[in-house]
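Just model_38.csv here, CSV, C-alpha atoms and all ligand atoms:
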```
chain,number,residue,atom,x,y,z
C,1,MET,CA,-27.0,2.4,-29.6
C,2,LYS,CA,-28.5,-1.0,-28.7
C,3,ILE,CA,-27.0,-4.4,-28.1
C,4,THR,CA,-28.5,-6.8,-30.7
C,5,ASP,CA,-26.7,-10.0,-30.0
C,6,ALA,CA,-24.0,-11.7,-27.9
C,7,LYS,CA,-22.1,-14.8,-28.9
C,8,VAL,CA,-20.2,-17.0,-26.6
C,9,LEU,CA,-17.2,-18.5,-28.6
C,10,VAL,CA,-15.3,-21.4,-27.2
C,11,ALA,CA,-12.1,-22.7,-28.8
C,12,SER,CA,-8.8,-24.3,-27.9
C,13,PRO,CA,-6.0,-22.8,-30.0
C,14,SER,CA,-3.3,-24.6,-27.9
C,15,ARG,CA,-5.4,-24.1,-24.8
C,16,ASN,CA,-9.1,-23.3,-24.0
C,17,PHE,CA,-10.5,-19.8,-24.2
C,18,VAL,CA,-14.0,-18.5,-23.8
C,19,THR,CA,-14.6,-15.3,-25.6
C,20,LEU,CA,-17.7,-13.1,-25.6
C,21,LYS,CA,-18.6,-11.1,-28.7
C,22,VAL,CA,-21.2,-8.4,-28.2
C,23,LEU,CA,-22.9,-7.0,-31.3
C,24,THR,CA,-24.7,-3.7,-31.7
C,25,ASP,CA,-27.1,-2.0,-34.1
C,26,ALA,CA,-24.4,0.5,-35.0
C,27,GLY,CA,-22.2,-2.2,-36.4
C,28,VAL,CA,-19.6,-1.8,-33.6
C,29,HIS,CA,-18.8,-5.0,-31.7
C,30,GLY,CA,-16.9,-5.6,-28.4
C,31,LEU,CA,-14.9,-8.5,-27.1
C,32,GLY,CA,-14.7,-9.8,-23.5
C,33,ASP,CA,-12.6,-12.7,-22.1
C,34,ALA,CA,-14.7,-15.2,-20.0
C,35,THR,CA,-12.0,-17.9,-19.5
C,36,LEU,CA,-11.9,-19.7,-16.1
C,37,ASN,CA,-9.2,-22.3,-16.4
C,38,GLY,CA,-10.5,-25.8,-15.9
C,39,ARG,CA,-14.1,-24.6,-15.4
C,40,GLU,CA,-14.8,-23.0,-18.8
C,41,GLN,CA,-18.2,-24.6,-19.5
C,42,ALA,CA,-19.7,-23.3,-16.3
C,43,VAL,CA,-19.1,-19.8,-17.4
C,44,VAL,CA,-20.4,-20.5,-20.9
C,45,ALA,CA,-23.7,-21.8,-19.4
C,46,TYR,CA,-24.0,-18.9,-17.0
C,47,LEU,CA,-23.6,-16.5,-19.9
C,48,GLU,CA,-25.8,-18.3,-22.4
C,49,GLN,CA,-28.5,-19.4,-20.0
C,50,HIS,CA,-28.7,-16.4,-17.7
C,51,LEU,CA,-27.0,-13.2,-18.7
C,52,VAL,CA,-27.1,-12.9,-22.5
C,53,PRO,CA,-30.9,-12.9,-22.7
C,54,CYS,CA,-31.0,-9.9,-20.4
C,55,LEU,CA,-28.2,-8.1,-22.3
C,56,ILE,CA,-30.1,-7.8,-25.7
C,57,GLY,CA,-31.6,-4.4,-26.2
C,58,ARG,CA,-29.5,-2.6,-23.5
C,59,ASP,CA,-27.4,0.5,-24.3
C,60,PRO,CA,-23.8,-0.6,-24.4
C,61,PHE,CA,-22.6,2.8,-23.0
C,62,GLN,CA,-24.3,2.1,-19.7
C,63,THR,CA,-21.3,0.2,-18.3
C,64,GLU,CA,-22.0,1.0,-14.6
C,65,ASP,CA,-25.7,0.2,-14.7
C,66,THR,CA,-25.2,-3.0,-16.6
C,67,TRP,CA,-22.5,-4.1,-14.2
C,68,GLN,CA,-24.8,-3.4,-11.2
C,69,TYR,CA,-27.7,-5.1,-13.0
C,70,PHE,CA,-25.8,-8.4,-13.3
C,71,TYR,CA,-24.0,-8.2,-9.9
C,72,ARG,CA,-26.5,-6.5,-7.5
C,73,GLY,CA,-29.4,-7.7,-9.6
C,74,ALA,CA,-28.5,-11.3,-9.0
C,75,TYR,CA,-29.7,-12.6,-5.7
C,76,TRP,CA,-26.9,-15.2,-5.9
C,77,ARG,CA,-23.8,-13.1,-6.0
C,78,ARG,CA,-20.0,-13.4,-6.3
C,79,GLY,CA,-17.8,-16.5,-7.1
C,80,PRO,CA,-15.4,-16.9,-10.0
C,81,VAL,CA,-18.0,-18.3,-12.4
C,82,THR,CA,-20.5,-15.5,-11.9
C,83,MET,CA,-17.8,-12.8,-11.9
C,84,ALA,CA,-16.0,-14.1,-15.0
C,85,ALA,CA,-19.2,-13.9,-16.9
C,86,ILE,CA,-20.0,-10.4,-15.7
C,87,GLY,CA,-16.3,-9.5,-16.4
C,88,ALA,CA,-16.6,-10.6,-20.0
C,89,ILE,CA,-19.7,-8.5,-20.5
C,90,ASP,CA,-18.1,-5.4,-18.9
C,91,MET,CA,-14.9,-5.7,-21.0
C,92,ALA,CA,-17.0,-6.0,-24.2
C,93,LEU,CA,-19.1,-2.9,-23.3
C,94,TRP,CA,-16.0,-0.8,-22.6
C,95,ASP,CA,-14.5,-2.0,-25.9
C,96,ILE,CA,-17.7,-0.9,-27.7
C,97,LYS,CA,-17.8,2.4,-26.0
C,98,ALA,CA,-14.2,3.3,-26.7
C,99,LYS,CA,-14.5,2.1,-30.3
C,100,ALA,CA,-17.6,4.2,-30.8
C,101,LEU,CA,-15.8,7.3,-29.4
C,102,ASN,CA,-12.8,6.5,-31.5
C,103,LEU,CA,-10.4,6.4,-28.5
C,104,PRO,CA,-8.1,3.8,-27.0
C,105,LEU,CA,-9.8,2.6,-23.7
C,106,TYR,CA,-7.2,4.1,-21.4
C,107,GLN,CA,-8.3,7.6,-22.5
C,108,LEU,CA,-11.8,7.0,-21.0
C,109,ILE,CA,-10.4,5.9,-17.6
C,110,GLY,CA,-7.9,8.6,-16.6
C,111,GLY,CA,-5.7,9.0,-19.7
C,112,ARG,CA,-2.0,8.2,-19.9
C,113,SER,CA,-0.2,8.1,-16.5
C,114,ARG,CA,2.9,6.3,-17.9
C,115,GLY,CA,4.4,5.6,-21.3
C,116,LYS,CA,5.0,1.9,-20.7
C,117,VAL,CA,4.1,-0.9,-18.4
C,118,LEU,CA,6.8,-2.8,-16.5
C,119,VAL,CA,6.3,-6.6,-16.7
C,120,TYR,CA,7.7,-9.6,-15.0
C,121,CYS,CA,8.3,-12.9,-16.7
C,122,HIS,CA,8.6,-16.5,-15.5
C,123,ALA,CA,11.9,-18.3,-15.2
C,124,ASN,CA,11.9,-21.9,-14.1
C,125,GLY,CA,13.9,-25.1,-14.0
C,126,ARG,CA,13.7,-28.6,-12.8
C,127,ASP,CA,16.6,-27.9,-10.4
C,128,LEU,CA,18.6,-25.0,-9.1
C,129,GLU,CA,21.1,-24.9,-11.9
C,130,GLU,CA,18.4,-25.0,-14.6
C,131,ALA,CA,16.4,-22.3,-12.8
C,132,VAL,CA,19.5,-20.0,-12.5
C,133,ASP,CA,20.3,-20.5,-16.2
C,134,ASP,CA,16.7,-19.7,-17.1
C,135,VAL,CA,16.9,-16.4,-15.2
C,136,GLY,CA,20.0,-15.5,-17.4
C,137,ARG,CA,18.1,-16.3,-20.6
C,138,HIS,CA,15.2,-14.0,-19.6
C,139,ILE,CA,17.7,-11.2,-18.7
C,140,GLU,CA,19.1,-11.6,-22.3
C,141,GLN,CA,15.5,-11.2,-23.6
C,142,GLY,CA,15.3,-7.8,-21.9
C,143,TYR,CA,13.3,-8.6,-18.8
C,144,ARG,CA,14.1,-6.6,-15.7
C,145,ALA,CA,11.8,-8.3,-13.3
C,146,ILE,CA,11.8,-12.1,-13.1
C,147,ARG,CA,9.7,-14.6,-11.2
C,148,VAL,CA,11.9,-17.6,-10.2
C,149,GLN,CA,10.4,-21.1,-9.6
C,150,SER,CA,12.3,-24.4,-9.4
C,151,GLY,CA,11.8,-28.1,-8.8
C,152,ILE,CA,12.4,-29.0,-5.2
C,153,PRO,CA,14.9,-31.7,-4.3
C,154,GLY,CA,13.0,-34.8,-3.2
C,155,LEU,CA,9.7,-33.8,-4.9
C,156,GLU,CA,8.8,-35.1,-8.4
C,157,ALA,CA,6.7,-32.3,-9.6
C,158,ALA,CA,6.5,-28.7,-8.5
C,159,TYR,CA,4.3,-25.8,-9.4
C,160,GLY,CA,5.5,-23.5,-12.2
C,161,ILE,CA,8.0,-25.9,-13.8
C,162,SER,CA,7.6,-26.7,-17.5
C,163,LYS,CA,8.2,-30.2,-18.9
C,164,ASP,CA,10.5,-31.0,-21.9
C,165,GLY,CA,11.5,-27.4,-22.3
C,166,ARG,CA,8.0,-26.3,-23.2
C,167,LYS,CA,6.2,-23.3,-21.8
C,168,TYR,CA,4.6,-24.0,-18.4
C,169,GLU,CA,1.0,-25.0,-18.6
C,170,PRO,CA,-0.7,-26.5,-15.6
C,171,ALA,CA,-4.0,-27.5,-17.1
C,172,ALA,CA,-4.0,-31.0,-18.7
C,173,GLU,CA,-6.5,-33.3,-20.4
C,174,GLY,CA,-7.7,-36.4,-18.5
C,175,LEU,CA,-8.7,-36.3,-14.9
C,176,PRO,CA,-6.7,-33.9,-12.5
C,177,GLN,CA,-3.1,-34.9,-12.1
C,178,GLU,CA,-1.9,-35.4,-8.5
C,179,SER,CA,1.3,-33.9,-7.3
C,180,LEU,CA,3.1,-34.5,-4.0
C,181,TRP,CA,3.8,-31.6,-1.7
C,182,SER,CA,6.3,-31.1,1.2
C,183,THR,CA,6.3,-27.8,3.0
C,184,GLU,CA,9.5,-28.9,4.9
C,185,LYS,CA,11.5,-29.6,1.7
C,186,TYR,CA,10.3,-26.4,0.1
C,187,LEU,CA,11.1,-24.1,3.0
C,188,ASN,CA,14.6,-25.6,3.4
C,189,TYR,CA,15.3,-25.2,-0.3
C,190,LEU,CA,13.9,-21.8,-1.4
C,191,PRO,CA,16.3,-19.5,0.4
C,192,LYS,CA,19.3,-21.4,-1.2
C,193,LEU,CA,17.8,-20.8,-4.7
C,194,MET,CA,17.3,-17.1,-4.2
C,195,ARG,CA,20.8,-16.7,-2.7
C,196,ARG,CA,22.2,-18.3,-5.9
C,197,VAL,CA,20.2,-16.1,-8.2
C,198,ARG,CA,21.2,-12.9,-6.4
C,199,ASP,CA,24.9,-14.0,-6.2
C,200,THR,CA,24.9,-14.8,-10.0
C,201,TYR,CA,23.0,-11.8,-11.3
C,202,GLY,CA,23.5,-9.0,-8.7
C,203,ASP,CA,21.1,-6.5,-7.3
C,204,ASP,CA,19.8,-4.7,-10.4
C,205,ILE,CA,17.3,-7.3,-11.4
C,206,GLU,CA,13.8,-7.5,-9.6
C,207,LEU,CA,13.1,-11.0,-8.3
C,208,LEU,CA,9.7,-12.5,-7.5
C,209,HIS,CA,8.5,-15.8,-6.3
C,210,ASP,CA,5.1,-17.5,-6.1
C,211,ALA,CA,4.5,-19.8,-3.1
C,212,HIS,CA,1.1,-20.7,-4.7
C,213,HIS,CA,-1.0,-20.9,-1.5
C,214,ARG,CA,1.0,-23.7,0.0
C,215,LEU,CA,2.0,-22.4,3.5
C,216,THR,CA,0.4,-21.6,6.8
C,217,PRO,CA,0.9,-18.0,8.2
C,218,ILE,CA,3.7,-18.9,10.5
C,219,GLU,CA,5.5,-20.8,7.8
C,220,ALA,CA,5.0,-17.8,5.4
C,221,ALA,CA,6.5,-15.6,8.1
C,222,ARG,CA,9.6,-17.8,8.3
C,223,LEU,CA,10.0,-17.8,4.6
C,224,GLY,CA,9.5,-14.0,4.3
C,225,LYS,CA,12.1,-13.4,7.0
C,226,GLU,CA,14.7,-15.8,5.4
C,227,LEU,CA,14.2,-14.2,2.0
C,228,GLU,CA,14.8,-10.7,3.3
C,229,PRO,CA,18.5,-10.5,2.4
C,230,PHE,CA,17.6,-11.1,-1.3
C,231,HIS,CA,15.2,-8.1,-1.5
C,232,LEU,CA,12.4,-9.7,-3.4
C,233,PHE,CA,10.0,-7.5,-5.4
C,234,TRP,CA,7.3,-9.7,-3.9
C,235,LEU,CA,6.5,-13.0,-2.4
C,236,GLU,CA,3.2,-14.1,-4.0
C,237,ASP,CA,0.4,-16.1,-2.4
C,238,PRO,CA,2.3,-17.3,0.6
C,239,VAL,CA,-0.9,-18.6,2.1
C,240,ALA,CA,-4.4,-19.1,0.7
C,241,GLY,CA,-6.1,-15.8,1.2
C,242,GLU,CA,-9.5,-16.9,2.6
C,243,LEU,CA,-8.5,-15.8,6.1
C,244,GLN,CA,-7.5,-12.2,5.5
C,245,GLU,CA,-6.6,-11.7,9.2
C,246,SER,CA,-3.9,-14.3,8.9
C,247,PHE,CA,-1.8,-11.7,7.1
C,248,ARG,CA,-1.5,-9.7,10.3
C,249,LEU,CA,0.8,-12.5,11.7
C,250,ILE,CA,2.9,-12.6,8.5
C,251,ARG,CA,3.3,-8.8,8.5
C,252,LYS,CA,4.4,-8.8,12.1
C,253,HIS,CA,7.5,-10.9,11.2
C,254,THR,CA,8.7,-9.8,7.8
C,255,VAL,CA,9.4,-6.9,5.5
C,256,THR,CA,9.4,-9.0,2.4
C,257,PRO,CA,6.7,-7.4,0.2
C,258,LEU,CA,3.6,-9.5,-0.2
C,259,ALA,CA,1.3,-10.0,-3.3
C,260,LEU,CA,-2.1,-11.7,-3.2
C,261,GLY,CA,-5.4,-11.9,-5.0
C,262,GLU,CA,-5.2,-13.9,-8.3
C,263,VAL,CA,-8.1,-16.0,-7.2
C,264,PHE,CA,-10.2,-13.2,-5.6
C,265,ASN,CA,-13.3,-12.1,-7.4
C,266,THR,CA,-14.7,-9.1,-5.5
C,267,VAL,CA,-13.4,-6.3,-3.3
C,268,TYR,CA,-14.8,-8.1,-0.3
C,269,ASP,CA,-12.1,-10.7,-0.7
C,270,CYS,CA,-9.4,-8.2,0.1
C,271,LEU,CA,-11.0,-5.3,2.1
C,272,THR,CA,-9.1,-6.1,5.3
C,273,LEU,CA,-5.9,-6.7,3.4
C,274,LEU,CA,-6.1,-3.3,1.8
C,275,THR,CA,-7.4,-1.2,4.7
C,276,GLU,CA,-5.0,-2.7,7.2
C,277,GLN,CA,-2.1,-2.5,4.7
C,278,LEU,CA,-1.4,-6.2,5.1
C,279,ILE,CA,-0.3,-6.7,1.4
C,280,ASP,CA,1.8,-4.5,-1.0
C,281,TYR,CA,0.4,-5.7,-4.3
C,282,ILE,CA,-3.2,-6.7,-5.3
C,283,ARG,CA,-3.3,-9.3,-8.0
C,284,MET,CA,-6.9,-9.7,-9.0
C,285,THR,CA,-7.5,-10.6,-12.6
C,286,VAL,CA,-9.6,-8.2,-14.7
C,287,VAL,CA,-11.9,-11.0,-15.9
C,288,HIS,CA,-12.3,-12.9,-12.7
C,289,GLY,CA,-12.7,-9.7,-10.7
C,290,GLY,CA,-15.8,-8.8,-12.8
C,291,GLY,CA,-14.3,-6.6,-15.5
C,292,ILE,CA,-12.8,-3.1,-15.9
C,293,THR,CA,-15.6,-1.3,-13.9
C,294,PRO,CA,-14.8,-3.0,-10.5
C,295,ILE,CA,-11.0,-3.4,-11.2
C,296,LEU,CA,-10.8,0.4,-11.5
C,297,LYS,CA,-12.7,0.9,-8.2
C,298,LEU,CA,-10.4,-1.6,-6.6
C,299,ALA,CA,-7.2,0.1,-7.8
C,300,HIS,CA,-8.6,3.5,-6.6
C,301,LEU,CA,-9.5,2.1,-3.2
C,302,ALA,CA,-6.0,0.5,-2.8
C,303,GLU,CA,-4.2,3.8,-3.7
C,304,PRO,CA,-4.5,5.6,-0.3
C,305,TYR,CA,-3.4,2.4,1.5
C,306,HIS,CA,-0.1,2.3,-0.5
C,307,VAL,CA,-1.2,-0.9,-2.2
C,308,ARG,CA,-0.2,-1.1,-5.8
C,309,THR,CA,-1.4,-3.3,-8.6
C,310,GLY,CA,0.2,-6.5,-10.0
C,311,PHE,CA,-2.6,-8.0,-12.1
C,312,HIS,CA,-2.6,-11.7,-12.8
C,313,GLY,CA,-1.4,-12.3,-16.4
C,314,ALA,CA,-1.0,-16.0,-16.9
C,315,THR,CA,-1.5,-17.6,-20.3
C,316,ASP,CA,-4.9,-19.0,-19.3
C,317,LEU,CA,-6.2,-15.4,-19.5
C,318,SER,CA,-6.8,-14.4,-23.1
C,319,PRO,CA,-5.1,-11.4,-24.9
C,320,VAL,CA,-8.4,-9.6,-24.3
C,321,THR,CA,-7.8,-9.7,-20.5
C,322,LEU,CA,-4.2,-8.7,-21.0
C,323,ALA,CA,-5.1,-5.7,-23.2
C,324,ALA,CA,-7.8,-4.7,-20.6
C,325,ALA,CA,-5.1,-4.9,-17.8
C,326,LEU,CA,-2.7,-2.9,-19.9
C,327,HIS,CA,-5.2,0.0,-20.4
C,328,VAL,CA,-5.9,0.1,-16.7
C,329,ASN,CA,-2.1,-0.1,-15.9
C,330,THR,CA,-1.5,2.8,-18.3
C,331,ALA,CA,-4.2,5.0,-16.6
C,332,ILE,CA,-4.0,4.4,-12.9
C,333,SER,CA,-1.5,6.1,-10.6
C,334,ASN,CA,-0.8,3.1,-8.2
C,335,PHE,CA,0.4,0.7,-10.9
C,336,GLY,CA,3.1,-1.7,-9.7
C,337,ILE,CA,3.9,-4.4,-12.2
C,338,GLN,CA,2.1,-6.6,-14.8
C,339,GLU,CA,2.6,-10.4,-15.1
C,340,HIS,CA,3.6,-11.4,-18.6
C,341,MET,CA,3.6,-15.0,-19.8
C,342,PRO,CA,3.7,-14.7,-23.6
C,343,HIS,CA,1.0,-16.6,-25.4
C,344,ALA,CA,1.7,-19.3,-28.0
C,345,ASP,CA,1.9,-17.9,-31.5
C,346,LEU,CA,-1.4,-19.6,-32.4
C,347,VAL,CA,-3.1,-17.7,-29.6
C,348,ASP,CA,-1.7,-14.4,-30.9
C,349,ASP,CA,-3.0,-15.3,-34.4
C,350,VAL,CA,-6.5,-16.0,-33.1
C,351,PHE,CA,-6.4,-12.8,-31.1
C,352,PRO,CA,-4.6,-10.2,-33.3
C,353,HIS,CA,-3.6,-7.4,-31.0
C,354,GLU,CA,-1.8,-4.1,-30.9
C,355,TYR,CA,0.1,-4.3,-27.6
C,356,ARG,CA,3.8,-5.2,-27.9
C,357,PHE,CA,6.8,-6.1,-25.7
C,358,GLU,CA,10.0,-4.2,-25.7
C,359,ALA,CA,13.0,-4.3,-23.3
C,360,GLY,CA,11.1,-5.5,-20.3
C,361,ASP,CA,7.9,-3.4,-20.8
C,362,LEU,CA,4.6,-3.8,-22.6
C,363,TYR,CA,3.2,-1.0,-24.6
C,364,ILE,CA,-0.5,-0.5,-25.3
C,365,GLY,CA,-1.4,0.9,-28.8
C,366,GLU,CA,-3.6,3.8,-29.9
C,367,GLN,CA,-6.2,1.7,-31.7
C,368,PRO,CA,-9.8,2.6,-30.6
C,369,GLY,CA,-11.2,0.2,-27.9
C,370,LEU,CA,-9.2,-2.6,-26.3
C,371,GLY,CA,-7.1,-3.1,-29.4
C,372,VAL,CA,-7.7,-6.8,-29.7
C,373,ASP,CA,-9.6,-8.7,-32.4
C,374,TYR,CA,-10.8,-12.3,-32.7
C,375,ASN,CA,-10.3,-14.5,-35.8
C,376,GLU,CA,-13.5,-16.7,-35.5
C,377,GLU,CA,-12.7,-18.7,-38.6
C,378,LEU,CA,-9.2,-19.7,-37.4
C,379,ALA,CA,-10.5,-20.3,-33.8
C,380,SER,CA,-13.3,-22.6,-35.1
C,381,ARG,CA,-10.6,-25.1,-36.3
C,382,TYR,CA,-9.6,-25.8,-32.7
C,383,PRO,CA,-12.5,-27.2,-30.7
C,384,TYR,CA,-12.7,-27.1,-26.9
C,385,ARG,CA,-10.9,-29.9,-25.0
C,386,ARG,CA,-11.7,-30.6,-21.4
C,387,ALA,CA,-8.7,-30.0,-19.2
C,388,TYR,CA,-8.2,-29.8,-15.4
C,389,LEU,CA,-5.7,-28.0,-13.1
C,390,PRO,CA,-3.7,-30.4,-10.9
C,391,VAL,CA,-4.4,-31.2,-7.3
C,392,ALA,CA,-1.8,-31.6,-4.5
C,393,ARG,CA,-1.4,-34.0,-1.6
C,394,LYS,CA,1.1,-34.3,1.2
C,395,ALA,CA,3.2,-37.4,1.6
C,396,ASP,CA,0.6,-39.1,3.9
C,397,GLY,CA,-2.1,-38.5,1.4
C,398,THR,CA,-3.7,-35.4,2.9
C,399,MET,CA,-5.2,-33.1,0.3
C,400,TRP,CA,-3.4,-29.8,0.2
C,401,ASN,CA,-3.7,-26.6,-1.8
C,402,TRP,CA,-2.3,-26.9,-5.3
R,501,LIG,C1,0.4,-17.0,-11.7
R,501,LIG,C2,-0.6,-18.1,-11.3
R,501,LIG,C3,-0.9,-19.1,-12.4
R,501,LIG,C4,-2.1,-20.0,-12.0
R,501,LIG,C5,-2.9,-20.2,-13.1
R,501,LIG,C6,-4.1,-21.1,-12.8
R,501,LIG,O1,0.9,-16.5,-10.7
R,501,LIG,O2,0.4,-16.7,-12.8
R,501,LIG,O3,-0.3,-18.7,-10.1
R,501,LIG,O4,0.2,-19.9,-12.8
R,501,LIG,O5,-1.7,-21.1,-11.4
R,501,LIG,O6,-3.4,-19.0,-13.7
R,501,LIG,O7,-5.0,-21.2,-13.9
R,502,MG,MG,0.3,-17.0,-8.9
```

Rewrite the structure from the file as structure tokens, please.
Ligand code: GCO
Ligand code: MG
Amino acid sequence: MKITDAKVLVASPSRNFVTLKVLTDAGVHGLGDATLNGREQAVVAYLEQHLVPCLIGRDPFQTEDTWQYFYRGAYWRRGPVTMAAIGAIDMALWDIKAKALNLPLYQLIGGRSRGKVLVYCHANGRDLEEAVDDVGRHIEQGYRAIRVQSGIPGLEAAYGISKDGRKYEPAAEGLPQESLWSTEKYLNYLPKLMRRVRDTYGDDIELLHDAHHRLTPIEAARLGKELEPFHLFWLEDPVAGELQESFRLIRKHTVTPLALGEVFNTVYDCLTLLTEQLIDYIRMTVVHGGGITPILKLAHLAEPYHVRTGFHGATDLSPVTLAAALHVNTAISNFGIQEHMPHADLVDDVFPHEYRFEAGDLYIGEQPGLGVDYNEELASRYPYRRAYLPVARKADGTMWNW
């Protein structure tokens, strides 16, 4: 079998997605997600200008060699743009291979290790009362693991809070929106929120929280310690992960489980975190981590260090990435949890898929390949619209991590 063509499809069915469609001489095609929120066109150019010309004529079954060709074979390696492009190709090739063999992808990467995939959803509110109520709504929908985010008293906008009752979506048209950040206000407020949620709903529900890279290590240590009585499933991204050694300090002070890695793109971003057991969950995204080939290696490397997976699953990753994550989650032994932010109905129409949600879990289907399709005609009615993620500043104007 030979690859005959690859098309980079850009559309905005309620939000921007970049999708790679790889075609073969056997009539089988594969899909890959190449979306990098707020930097979509950089990945498009990297694919169209640099990778696709080298892809034509290759054997789609050679997933390992093709991955190495684009990763190792590029003198300029790593980074989210490069890795998202390679990730899209890798997903599409696995999709082709599994379709050609008439098997769902999970059968090629270990077979079924579990019948269903535990997911966590997002509950949020502009203040404590709204956030607590939203947790209740998600429990009613069947979720057993819930991430809780809330507006912070004294701050106008906070990460993870939707406006006007709509689903949370940080990317917006126009230039990047600026939001004000106060670590002090946040640290004083968060334990109160978590106490109320536990008092209201008891101990049987799993609670998660995302600090979204805003703290220093010693602040993260304080937060982790103060959240201990509420037994979080995890505290996510307490500090930006560039300095892996900083997690030694956090670990020394708290037993609150830690999750990290949604912005990582290679194993080198987390080698110390894994081998020194400094985190409990690795959150790399299948697409930004370079695809199924390296994500499987990462999961297998994490296993002996007692680190489990909790792959990033925000709505800015297309259903193709979610399906790829679900196949990996179904097959590996050290699966932890999967993030689930349901896509808008229009996104589900553009990407018809087989996976389904039921009572707090996602189920992958038995369709050959990844089990996702792409409606090009429908997608073409929604052209790309430039959008940026926000930026954050402290009260004195200092730029901070969003
Ligand atoms: C999460 C993430 C997202 C990111 C988003 C950026 O935990 O799901 O933090 O909300 O901010 O994916 O594009
Ligand atoms: Mg996050």

Ranking C:Leu378, C:Ala299, C:Ala98, C:Leu187 by minimum distance to Phe335 (chain C) and counting all atoms listed in the file, which one comes first? C:Ala299

Tell me which of C:Leu180, C:Arg251, C:Ile139, C:Leu118 sits closest to Gly202 (chain C), counting all atoms listed in the file.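 That would be C:Ile139, the residue with the smallest distance to Gly202 (chain C).
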
Sorted per-residue table, chain C near ligand MG 502 (chain R), closest atoms and distance, 7 Å, all atoms listed in the file, as CSV:
```
residue,atom,partner,partner_atom,distance
C:Asp210,CA,R:MG502,MG,5.6
C:His212,CA,R:MG502,MG,5.7
C:Glu236,CA,R:MG502,MG,6.4
C:Asp237,CA,R:MG502,MG,6.6
C:Glu262,CA,R:MG502,MG,6.3
```

Using all atoms listed in the file: which of C:Gln149, C:Ser333, C:Gln62, C:Gln338 has the shortest distance to Arg283 (chain C): C:Gln338

May I ask for the distance between CA of Ala314 (chain C) and CA of Pro294 (chain C), given in Å to one decimal place? 20.0 Å

Near-ligand residues for ligand LIG 501 (chain R), threshold 10 Å, only C-alpha atoms and all ligand atoms, as a ChimeraX atom specification: /C:35-39,121-122,147,159-161,168-171,209-213,236-237,259-263,283,285,311-317,339-341,388-390,402

Keeping C-alpha atoms, export the residues of the selection given above as a short mmCIF file (atom, residue, chain, number, x, y, z; two decimals), keeping the file's coordinate frame.
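Saved result, result37.cif, follows:
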```cif
data_model
loop_
_atom_site.label_atom_id
_atom_site.label_comp_id
_atom_site.auth_asym_id
_atom_site.auth_seq_id
_atom_site.Cartn_x
_atom_site.Cartn_y
_atom_site.Cartn_z
CA THR C 35 -12.00 -17.90 -19.50
CA LEU C 36 -11.90 -19.70 -16.10
CA ASN C 37 -9.20 -22.30 -16.40
CA GLY C 38 -10.50 -25.80 -15.90
CA ARG C 39 -14.10 -24.60 -15.40
CA CYS C 121 8.30 -12.90 -16.70
CA HIS C 122 8.60 -16.50 -15.50
CA ARG C 147 9.70 -14.60 -11.20
CA TYR C 159 4.30 -25.80 -9.40
CA GLY C 160 5.50 -23.50 -12.20
CA ILE C 161 8.00 -25.90 -13.80
CA TYR C 168 4.60 -24.00 -18.40
CA GLU C 169 1.00 -25.00 -18.60
CA PRO C 170 -0.70 -26.50 -15.60
CA ALA C 171 -4.00 -27.50 -17.10
CA HIS C 209 8.50 -15.80 -6.30
CA ASP C 210 5.10 -17.50 -6.10
CA ALA C 211 4.50 -19.80 -3.10
CA HIS C 212 1.10 -20.70 -4.70
CA HIS C 213 -1.00 -20.90 -1.50
CA GLU C 236 3.20 -14.10 -4.00
CA ASP C 237 0.40 -16.10 -2.40
CA ALA C 259 1.30 -10.00 -3.30
CA LEU C 260 -2.10 -11.70 -3.20
CA GLY C 261 -5.40 -11.90 -5.00
CA GLU C 262 -5.20 -13.90 -8.30
CA VAL C 263 -8.10 -16.00 -7.20
CA ARG C 283 -3.30 -9.30 -8.00
CA THR C 285 -7.50 -10.60 -12.60
CA PHE C 311 -2.60 -8.00 -12.10
CA HIS C 312 -2.60 -11.70 -12.80
CA GLY C 313 -1.40 -12.30 -16.40
CA ALA C 314 -1.00 -16.00 -16.90
CA THR C 315 -1.50 -17.60 -20.30
CA ASP C 316 -4.90 -19.00 -19.30
CA LEU C 317 -6.20 -15.40 -19.50
CA GLU C 339 2.60 -10.40 -15.10
CA HIS C 340 3.60 -11.40 -18.60
CA MET C 341 3.60 -15.00 -19.80
CA TYR C 388 -8.20 -29.80 -15.40
CA LEU C 389 -5.70 -28.00 -13.10
CA PRO C 390 -3.70 -30.40 -10.90
CA TRP C 402 -2.30 -26.90 -5.30
#
```

Near Val28 (chain C), within 9 Å and counting only C-alpha atoms, which residues show up once chain neighbours fewer than 4 positions away are dropped, as a list in words?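 Skipping anything fewer than 4 positions along the chain leaves Val22, Leu23, Thr24, Ile96, Lys97, Lys99 and Ala100 of chain C.
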